[in-house]
Structure formats: C-alpha cells, structure tokens
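Trainee: Coordinates in data-v2.txt, compact mmCIF, C-alpha atoms and all ligand atoms, are listed below.
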# COMPACT_ATOMS: atom_id res chain seq x y z
CA ARG A 1 -6.59 -23.41 7.21
CA ILE A 2 -3.68 -22.17 5.16
CA ALA A 3 -2.14 -18.74 5.81
CA TYR A 4 0.43 -16.70 3.91
CA VAL A 5 3.51 -15.42 5.74
CA ASN A 6 6.37 -13.65 3.96
CA GLY A 7 6.36 -15.61 0.74
CA GLU A 8 5.11 -18.94 2.04
CA PHE A 9 1.80 -20.74 2.32
CA VAL A 10 1.72 -22.58 5.65
CA PRO A 11 -0.89 -24.18 7.93
CA LEU A 12 -2.28 -21.41 10.16
CA ASP A 13 -1.04 -23.04 13.38
CA GLU A 14 2.49 -23.23 11.97
CA ALA A 15 2.53 -19.60 10.76
CA ARG A 16 5.14 -17.61 12.72
CA ILE A 17 6.56 -14.10 12.92
CA SER A 18 9.33 -12.74 15.17
CA ILE A 19 8.62 -11.31 18.64
CA LEU A 20 10.72 -8.38 17.42
CA ASP A 21 8.22 -7.64 14.65
CA ARG A 22 7.38 -3.94 14.76
CA GLY A 23 3.73 -4.71 14.24
CA PHE A 24 3.81 -6.56 17.56
CA LEU A 25 6.07 -4.07 19.41
CA PHE A 26 4.85 -0.71 18.07
CA ALA A 27 1.68 -1.42 16.04
CA ASP A 28 3.88 -0.13 13.21
CA GLY A 29 1.77 -1.58 10.42
CA ILE A 30 -1.24 -1.34 8.16
CA TYR A 31 -4.12 -3.77 7.55
CA GLU A 32 -7.02 -4.34 5.20
CA VAL A 33 -10.11 -6.55 5.39
CA SER A 34 -11.78 -7.56 2.11
CA ALA A 35 -15.05 -9.47 1.92
CA VAL A 36 -15.45 -12.74 0.01
CA LEU A 37 -18.84 -13.67 -1.41
CA ASP A 38 -19.50 -16.77 -3.55
CA GLY A 39 -15.74 -17.42 -3.40
CA LYS A 40 -14.92 -14.04 -4.98
CA LEU A 41 -13.32 -10.91 -3.57
CA VAL A 42 -15.71 -7.96 -3.16
CA ASP A 43 -14.53 -4.49 -4.28
CA ASN A 44 -10.94 -5.57 -3.62
CA GLU A 45 -9.45 -2.94 -5.89
CA ALA A 46 -10.69 -0.21 -3.52
CA HIS A 47 -9.04 -2.00 -0.59
CA LEU A 48 -5.72 -2.31 -2.44
CA VAL A 49 -5.84 1.39 -3.40
CA ARG A 50 -6.44 2.29 0.26
CA LEU A 51 -3.64 -0.10 1.32
CA ALA A 52 -1.23 1.69 -1.00
CA ARG A 53 -2.31 5.05 0.40
CA SER A 54 -2.03 3.94 4.05
CA VAL A 55 1.48 2.47 3.64
CA GLY A 56 2.52 5.62 1.75
CA GLU A 57 1.35 7.82 4.63
CA ILE A 58 3.69 5.98 7.04
CA ALA A 59 6.57 5.49 4.53
CA LEU A 60 6.27 1.70 4.68
CA PRO A 61 7.34 -0.04 1.45
CA LEU A 62 5.10 -2.91 0.33
CA PRO A 63 7.11 -6.14 -0.02
CA GLU A 64 4.95 -7.26 -2.97
CA THR A 65 3.09 -5.50 -5.78
CA LEU A 66 -0.66 -4.97 -5.45
CA GLU A 67 -1.13 -7.45 -8.33
CA ARG A 68 0.87 -10.13 -6.49
CA ILE A 69 -1.02 -9.40 -3.25
CA GLU A 70 -4.32 -10.01 -5.02
CA GLU A 71 -2.95 -13.27 -6.47
CA ILE A 72 -2.03 -14.40 -2.95
CA GLN A 73 -5.48 -13.42 -1.64
CA LYS A 74 -7.11 -15.47 -4.41
CA GLU A 75 -4.82 -18.44 -3.84
CA LEU A 76 -5.75 -18.45 -0.14
CA ILE A 77 -9.47 -18.29 -0.96
CA ALA A 78 -9.01 -21.29 -3.29
CA ARG A 79 -6.80 -23.30 -0.92
CA ASN A 80 -9.18 -22.72 1.98
CA ASP A 81 -12.33 -23.27 -0.10
CA LEU A 82 -13.63 -19.98 1.26
CA VAL A 83 -17.13 -19.27 -0.04
CA GLU A 84 -18.20 -16.43 2.28
CA GLY A 85 -16.08 -14.49 4.77
CA VAL A 86 -13.11 -12.18 4.80
CA VAL A 87 -9.48 -12.04 3.76
CA TYR A 88 -7.31 -10.24 6.33
CA LEU A 89 -4.05 -8.69 5.21
CA GLN A 90 -1.39 -7.03 7.36
CA VAL A 91 1.93 -5.46 6.48
CA THR A 92 4.38 -4.23 9.13
CA ARG A 93 7.79 -2.57 9.07
CA GLY A 94 9.42 -5.92 9.83
CA ALA A 95 11.52 -7.35 12.66
CA ALA A 96 14.48 -5.46 14.12
CA ASP A 97 16.01 -4.65 17.53
CA ARG A 98 13.60 -2.43 19.43
CA ASP A 99 14.20 1.20 18.52
CA PHE A 100 11.48 3.72 17.66
CA ALA A 101 12.91 5.21 14.45
CA PHE A 102 12.71 3.10 11.29
CA PRO A 103 15.29 0.29 11.07
CA LYS A 104 17.48 0.13 7.95
CA GLY A 105 17.60 -2.78 5.54
CA VAL A 106 14.68 -4.65 7.07
CA LYS A 107 12.13 -6.47 4.94
CA PRO A 108 8.50 -5.66 5.76
CA THR A 109 6.35 -8.51 7.10
CA LEU A 110 3.31 -9.50 5.05
CA VAL A 111 0.73 -11.88 6.47
CA ILE A 112 -2.61 -12.80 4.91
CA PHE A 113 -5.26 -15.20 6.20
CA THR A 114 -8.92 -15.99 5.62
CA GLN A 115 -11.85 -16.23 8.01
CA VAL A 116 -15.29 -17.76 7.43
CA LYS A 117 -18.21 -15.41 8.14
CA ASN A 118 -21.88 -15.29 7.17
CA ILE A 119 -22.23 -11.77 5.87
CA VAL A 120 -25.42 -11.97 3.81
CA ASP A 121 -27.51 -14.25 6.00
CA SER A 122 -26.81 -12.97 9.51
CA PRO A 123 -29.06 -12.18 12.49
CA ALA A 124 -27.49 -8.69 12.70
CA ALA A 125 -28.52 -7.95 9.12
CA ARG A 126 -32.03 -9.35 9.63
CA ASN A 127 -32.85 -7.91 13.04
CA GLY A 128 -30.55 -4.92 13.22
CA ILE A 129 -27.98 -4.14 15.89
CA ALA A 130 -27.74 -2.17 19.11
CA VAL A 131 -25.01 0.46 19.42
CA LYS A 132 -23.43 2.25 22.37
CA THR A 133 -21.92 5.73 22.10
CA LEU A 134 -18.53 6.44 23.67
CA PRO A 135 -15.90 9.20 23.53
CA ASP A 136 -13.54 8.83 20.55
CA ILE A 137 -10.13 8.60 22.22
CA ARG A 138 -8.14 7.70 19.08
CA TRP A 139 -5.20 9.53 17.48
CA ALA A 140 -5.52 12.29 14.87
CA ARG A 141 -4.81 10.18 11.73
CA ARG A 142 -7.78 7.83 11.60
CA ASP A 143 -7.67 7.99 7.80
CA ILE A 144 -4.68 5.60 7.98
CA LYS A 145 -5.79 1.98 8.44
CA SER A 146 -3.21 1.32 11.15
CA VAL A 147 -3.15 -1.87 13.24
CA ALA A 148 -3.10 0.31 16.40
CA LEU A 149 -6.65 -0.60 17.41
CA LEU A 150 -6.58 -0.46 21.22
CA ALA A 151 -9.13 2.38 21.38
CA GLN A 152 -11.50 0.34 19.20
CA VAL A 153 -10.87 -2.84 21.21
CA LEU A 154 -11.84 -1.01 24.43
CA ALA A 155 -14.82 0.73 22.82
CA LYS A 156 -16.18 -2.49 21.29
CA GLN A 157 -15.63 -4.39 24.56
CA ALA A 158 -17.59 -1.71 26.47
CA ALA A 159 -20.31 -1.97 23.81
CA ALA A 160 -20.35 -5.78 24.11
CA GLU A 161 -20.62 -5.55 27.91
CA ALA A 162 -23.65 -3.28 27.42
CA GLY A 163 -25.22 -5.91 25.15
CA CYS A 164 -24.42 -3.92 21.99
CA GLN A 165 -22.86 -5.11 18.73
CA GLU A 166 -21.05 -1.90 17.81
CA ALA A 167 -19.55 1.18 19.47
CA TRP A 168 -20.17 4.63 17.99
CA MET A 169 -17.36 7.01 18.76
CA VAL A 170 -18.13 10.65 19.52
CA GLU A 171 -15.90 13.73 19.32
CA ASP A 172 -17.04 17.31 20.08
CA GLY A 173 -20.63 16.06 20.24
CA LEU A 174 -20.42 14.62 16.71
CA ILE A 175 -20.29 10.96 15.75
CA THR A 176 -17.02 10.11 14.01
CA GLU A 177 -17.60 6.44 13.08
CA GLY A 178 -18.18 2.96 14.44
CA GLY A 179 -15.44 0.92 16.11
CA SER A 180 -15.01 -0.92 12.81
CA SER A 181 -17.65 0.64 10.57
CA THR A 182 -18.97 3.81 8.94
CA VAL A 183 -22.13 5.40 10.36
CA PHE A 184 -25.17 6.61 8.36
CA ILE A 185 -28.52 8.06 9.44
CA VAL A 186 -31.77 8.78 7.61
CA THR A 187 -33.13 12.10 8.89
CA ARG A 188 -36.74 13.07 9.60
CA ASN A 189 -36.75 14.73 6.12
CA ASP A 190 -35.62 11.43 4.50
CA VAL A 191 -32.07 12.61 3.80
CA ILE A 192 -29.36 9.94 4.09
CA VAL A 193 -26.39 11.46 5.89
CA THR A 194 -22.84 10.29 6.54
CA ARG A 195 -19.78 12.14 7.78
CA PRO A 196 -17.41 13.49 5.09
CA ASN A 197 -13.99 11.88 4.74
CA SER A 198 -11.19 13.63 6.66
CA ASN A 199 -8.40 12.67 9.07
CA ALA A 200 -11.15 12.04 11.65
CA ILE A 201 -12.43 8.83 10.04
CA LEU A 202 -11.33 5.92 7.88
CA PRO A 203 -12.45 6.45 4.27
CA GLY A 204 -14.65 3.34 4.08
CA CYS A 205 -14.58 1.32 0.87
CA THR A 206 -18.16 0.18 1.48
CA ARG A 207 -19.14 3.80 2.15
CA LYS A 208 -17.59 4.87 -1.16
CA ALA A 209 -19.23 2.10 -3.18
CA LEU A 210 -22.61 2.69 -1.53
CA ILE A 211 -22.55 6.44 -2.24
CA ALA A 212 -21.80 5.70 -5.92
CA LEU A 213 -24.48 2.98 -6.13
CA ALA A 214 -27.04 5.30 -4.52
CA GLU A 215 -26.13 8.16 -6.86
CA GLU A 216 -26.65 5.90 -9.91
CA ARG A 217 -30.19 5.39 -8.63
CA GLN A 218 -30.85 9.08 -7.94
CA ILE A 219 -30.69 8.43 -4.19
CA ARG A 220 -28.72 11.28 -2.66
CA ILE A 221 -26.41 10.80 0.30
CA GLU A 222 -25.44 14.02 2.03
CA GLU A 223 -21.94 14.22 3.49
CA ARG A 224 -21.89 16.18 6.75
CA ALA A 225 -21.16 15.51 10.40
CA PHE A 226 -24.09 14.91 12.76
CA SER A 227 -24.62 14.76 16.52
CA VAL A 228 -25.72 11.90 18.76
CA GLU A 229 -28.98 13.82 19.34
CA GLU A 230 -29.65 13.96 15.61
CA ALA A 231 -28.94 10.24 15.28
CA ARG A 232 -31.26 9.46 18.18
CA ALA A 233 -34.03 11.47 16.50
CA ALA A 234 -33.39 9.93 13.07
CA LYS A 235 -35.88 7.73 11.21
CA GLU A 236 -33.23 5.12 10.55
CA ALA A 237 -29.57 4.47 11.16
CA PHE A 238 -27.16 1.90 9.77
CA ILE A 239 -23.49 1.00 9.56
CA THR A 240 -21.34 -0.22 6.68
CA SER A 241 -18.09 -2.20 6.53
CA ALA A 242 -16.43 -4.79 4.33
CA SER A 243 -17.11 -7.51 6.89
CA SER A 244 -20.79 -6.67 7.42
CA PHE A 245 -21.82 -4.85 4.19
CA LEU A 246 -24.71 -2.88 5.74
CA GLN A 247 -26.41 -3.53 9.06
CA PRO A 248 -29.43 -1.59 10.33
CA VAL A 249 -29.05 0.05 13.77
CA VAL A 250 -32.22 -0.35 15.84
CA THR A 251 -31.17 1.11 19.19
CA ILE A 252 -28.70 3.80 20.30
CA ASP A 253 -27.77 3.64 24.01
CA GLY A 254 -30.91 1.58 24.58
CA ALA A 255 -33.31 4.05 22.91
CA PRO A 256 -35.05 2.83 19.74
CA VAL A 257 -34.25 4.43 16.39
CA GLY A 258 -37.56 5.15 14.60
CA ASP A 259 -39.85 2.22 15.38
CA GLY A 260 -36.92 0.12 16.62
CA LYS A 261 -36.96 -2.16 13.56
CA PRO A 262 -34.76 -2.23 10.44
CA GLY A 263 -36.07 0.53 8.16
CA PRO A 264 -36.90 0.52 4.43
CA VAL A 265 -33.93 2.69 3.37
CA ALA A 266 -31.41 0.45 5.13
CA LYS A 267 -33.07 -2.68 3.68
CA ARG A 268 -33.08 -1.30 0.15
CA LEU A 269 -29.47 -0.08 0.28
CA ARG A 270 -28.39 -3.44 1.69
CA GLU A 271 -30.02 -5.25 -1.24
CA ILE A 272 -28.36 -2.84 -3.67
CA TYR A 273 -24.96 -3.46 -2.09
CA ILE A 274 -25.41 -7.26 -2.09
CA ASP A 275 -26.29 -7.16 -5.82
CA PHE A 276 -23.12 -5.15 -6.42
CA ALA A 277 -21.05 -7.58 -4.33
CA ARG A 278 -22.31 -10.56 -6.35
N1 LIG B 301 -13.15 -2.22 9.62
N2 LIG B 301 -14.19 2.70 10.11
C1 LIG B 301 -13.34 1.93 10.81
C2 LIG B 301 -12.70 2.48 12.03
C3 LIG B 301 -13.07 0.62 10.37
O1 LIG B 301 -12.21 -0.15 11.05
C4 LIG B 301 -13.71 0.13 9.20
C5 LIG B 301 -13.45 -1.26 8.66
C6 LIG B 301 -14.61 0.98 8.52
C7 LIG B 301 -15.31 0.55 7.26
O2 LIG B 301 -14.41 0.48 6.18
P1 LIG B 301 -14.67 -0.53 4.97
O3 LIG B 301 -16.03 -0.24 4.45
O4 LIG B 301 -13.61 -0.18 4.00
O5 LIG B 301 -14.52 -1.91 5.53
C8 LIG B 301 -14.80 2.26 9.00
C9 LIG B 301 -12.72 -3.53 9.19
C10 LIG B 301 -13.77 -4.28 8.45
C11 LIG B 301 -12.20 -4.26 10.39
O6 LIG B 301 -11.44 -3.64 11.13
O7 LIG B 301 -12.50 -5.44 10.59
Mind converting the file's structure to structure tokens?

Mentor:
Amino acid sequence: RIAYVNGEFVPLDEARISILDRGFLFADGIYEVSAVLDGKLVDNEAHLVRLARSVGEIALPLPETLERIEEIQKELIARNDLVEGVVYLQVTRGAADRDFAFPKGVKPTLVIFTQVKNIVDSPAARNGIAVKTLPDIRWARRDIKSVALLAQVLAKQAAAEAGCQEAWMVEDGLITEGGSSTVFIVTRNDVIVTRPNSNAILPGCTRKALIALAEERQIRIEERAFSVEEARAAKEAFITSASSFLQPVVTIDGAPVGDGKPGPVAKRLREIYIDFAR
C-alpha cells in the first residue's frame, strides 16, 4: 500500500512522522474519513467542507488546498487499486518542541492513506448490529472532527467486550451519537428522528446527505433529541457513517428493537443512500 506523507507518496511501512508531532503528543489535529465505492470517492465535497470548518475552529492552517487534497486522495485510490473502502486523512499542527501553545513557523503535517472495506456487502448491513449505551464523557466541542478519540476508543472497546458493534453515548438521558456514527430511530408513529446538529455531536456528512435524499422523496426526518427509553421502544433504529453508510440496529443493551430484525425503513434508506453513492 502507498500512503501520502507531507508531499510524498511512500510505501505505508516506510511512512514516518516525528515523535514530536503535535498530533501524537496533544491530539492537536483534525481528521476525515471518506468512503470509496467502485473506485470513486463518495460525497467527498461534504467531507472537505467539514475539514475546512474543523481546521478553522482550531486555527490550524491547511498545508494544501482542498483541490490538491482531493487530487492526492484520488491518486492514492488509483495507486492502491482501491475499489471499495475508505480514504483516511489527518492534518496536525506539525512537529515542534513540546509546549502547549501553538508553535511558530511550523508546517502542518498531512497524512493520507487508504483502507479496504466491504461497505455495501457486509454482515452488519445484512443482519443489523447490536449497540451498547454508555455515558458520553467527551469534551464540549464534538462538532470538531478532532483526532482526540480516547473516549470513543474506550466506549467502543466496552461495546466490543459486550459483544456489540457500536457504542451509543448518552448525556442527560439523551443519546448524543454513536462512537463513530450518527443515530436515528423510527418511532411508533413512523417518524424518523435524529438529533439536531450542535456542539454536542459531529455534523455527519452521511446524515446530511440522507436527510436531503429523504426529503426529495417526501420522507420526513425530524430533528430532535431522544432518550434511551424512546430508542428502546422504537420500531426501528439505525446508524449512519461514511465508513458504513447505514446499518440497522437490532438490539440496544441486549433488548431487541422492534422485532429484532432490520426494518423496512432502514432497508429502504440504505438502498437510497447506496444509489446516491454510486
Ligand atoms: N466517524 N459521529 C462521530 C462521533 C463520528 O466519528 C462519525 C464518523 C460520525 C458520522 O459522520 P460521517 O457520516 O460524516 O462519517 C458521527 C468516522 C467514519 C470514523 O471515525 O471512522
């Protein structure tokens, strides 16, 4: 596999950054994950727009233009013959002697690599996933796609140990989002609900595209926060993310959602999103 590091394309196992890199020392950096389907980037524009916003929020200058970044992403997809999977991109404030405040005159670090993943034909998509709820212990700016992911690492590890594929994080009795996904439910009255964007969650690109696609088809998605109890009582639940598109949720903390099988709304919206992605 070929990776991109600060202007160069190098074999992944030869790709190197400094131990003084602020991404490594302080998690002082931003990332994005874009899906690749049939060798093409999916909804990448939305990811680049969010990248620009995230770096702006932490006053981190991008070392390349968004146009150049997309060129690099495409070159990596071509060089690695990636048909289906993800492109991971990370930019950090660069390498400098360890000091909390921003260093002066340091060039940001940009690394990009690809990963193979079956997104469309996956057991999780076919059979649905189990989720575990946990307290949301993250910081107050979850709208920034920061590489500081320790809370999610611990939440998703606890979920994995409980035999679950995703963690749902809960704050003040309300579900914020998944460890690396946006949460949706279909209520008893057949209303599709997802939490509104705010500093409490990452504004999901898949979420945004799905809301627009649904609207075009006169399918309304209501934006409001909901509790774990409401999710447990829902007809259906599902998650969205670039790296999974849409996956039905069939159990929450071991209790079945609806009949415990992927529901019709989740299946239909998944098909709609796959058509869009192609
Ligand atoms: N995760 N919420 C969180 C906390 C996320 O980390 C992600 C994405 C999402 C969904 O956003 P999008 O639809 O733009 O991918 C929501 C990526 C895929 C990851 O960390 O691997």

Trainee: For Arg195 (chain A), find every residue with an atom within 10 Å (counting all atoms listed in the file), except residues of its own chain fewer than 3 positions away, and show them as a PyMOL selection string.

Mentor: chain A and resi 174-177+182-185+198+200-201+203+222-226

Trainee: Can you work out the spacing between CA of Asp43 (chain A) and CA of Ala209 (chain A) in Å, to one decimal?

Mentor: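 Atom-to-atom, CA of Asp43 (chain A) to CA of Ala209 (chain A), that is 8.2 Å.
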
Trainee: Find the residues near ligand LIG 301 (chain B). Use a cut-off of 8 Å, count all atoms listed in the file, and write them as a VMD selection string.

Mentor: chain A and resid 32 to 34 47 142 145 152 177 to 182 201 to 208 240 to 245

Trainee: With distances taken over all atoms listed in the file, which of A:Leu60, A:Ile69, A:Leu154, A:Val120 is nearest to Asn44 (chain A)?

Mentor: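 That would be A:Ile69, the residue with the smallest distance to Asn44 (chain A).
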
Trainee: Output as JSON lines one row per residue of region 75-177 of chain A within 9 Å of region 254-262 of chain A: the closest atom pair and its distance in Å to one decimal place, counting all atoms listed in the file, sorted by chain and residue number ascending.

Mentor:
{"residue": "A:Ala125", "atom": "CA", "partner": "A:Pro262", "partner_atom": "CA", "distance": 8.6}
{"residue": "A:Arg126", "atom": "CA", "partner": "A:Pro262", "partner_atom": "CA", "distance": 7.7}
{"residue": "A:Asn127", "atom": "CA", "partner": "A:Pro262", "partner_atom": "CA", "distance": 6.5}
{"residue": "A:Gly128", "atom": "CA", "partner": "A:Pro262", "partner_atom": "CA", "distance": 5.7}
{"residue": "A:Ile129", "atom": "CA", "partner": "A:Pro262", "partner_atom": "CA", "distance": 8.9}
{"residue": "A:Ala130", "atom": "CA", "partner": "A:Gly254", "partner_atom": "CA", "distance": 7.4}
{"residue": "A:Val131", "atom": "CA", "partner": "A:Gly254", "partner_atom": "CA", "distance": 7.9}
{"residue": "A:Lys132", "atom": "CA", "partner": "A:Gly254", "partner_atom": "CA", "distance": 7.8}
{"residue": "A:Cys164", "atom": "CA", "partner": "A:Gly254", "partner_atom": "CA", "distance": 8.9}

Trainee: Mind pulling up the distance from CA of Leu48 (chain A) to CA of Arg138 (chain A)?

Mentor: 23.9 Å

Trainee: Would you mind listing what lies within 7 Å of Arg188 (chain A) as a PDB file with C-alpha atoms, keeping the file's coordinate frame, with only C-alpha atoms counted and same-chain residues fewer than 2 positions away left out?

Mentor:
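out35.pdb was written with the following content:
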ATOM      1  CA  VAL A 186     -31.770   8.780   7.610  1.00  0.00           C
ATOM      2  CA  ASP A 190     -35.620  11.430   4.500  1.00  0.00           C
ATOM      3  CA  ALA A 234     -33.390   9.930  13.070  1.00  0.00           C
ATOM      4  CA  LYS A 235     -35.880   7.730  11.210  1.00  0.00           C
TER       5      LYS A 235
END
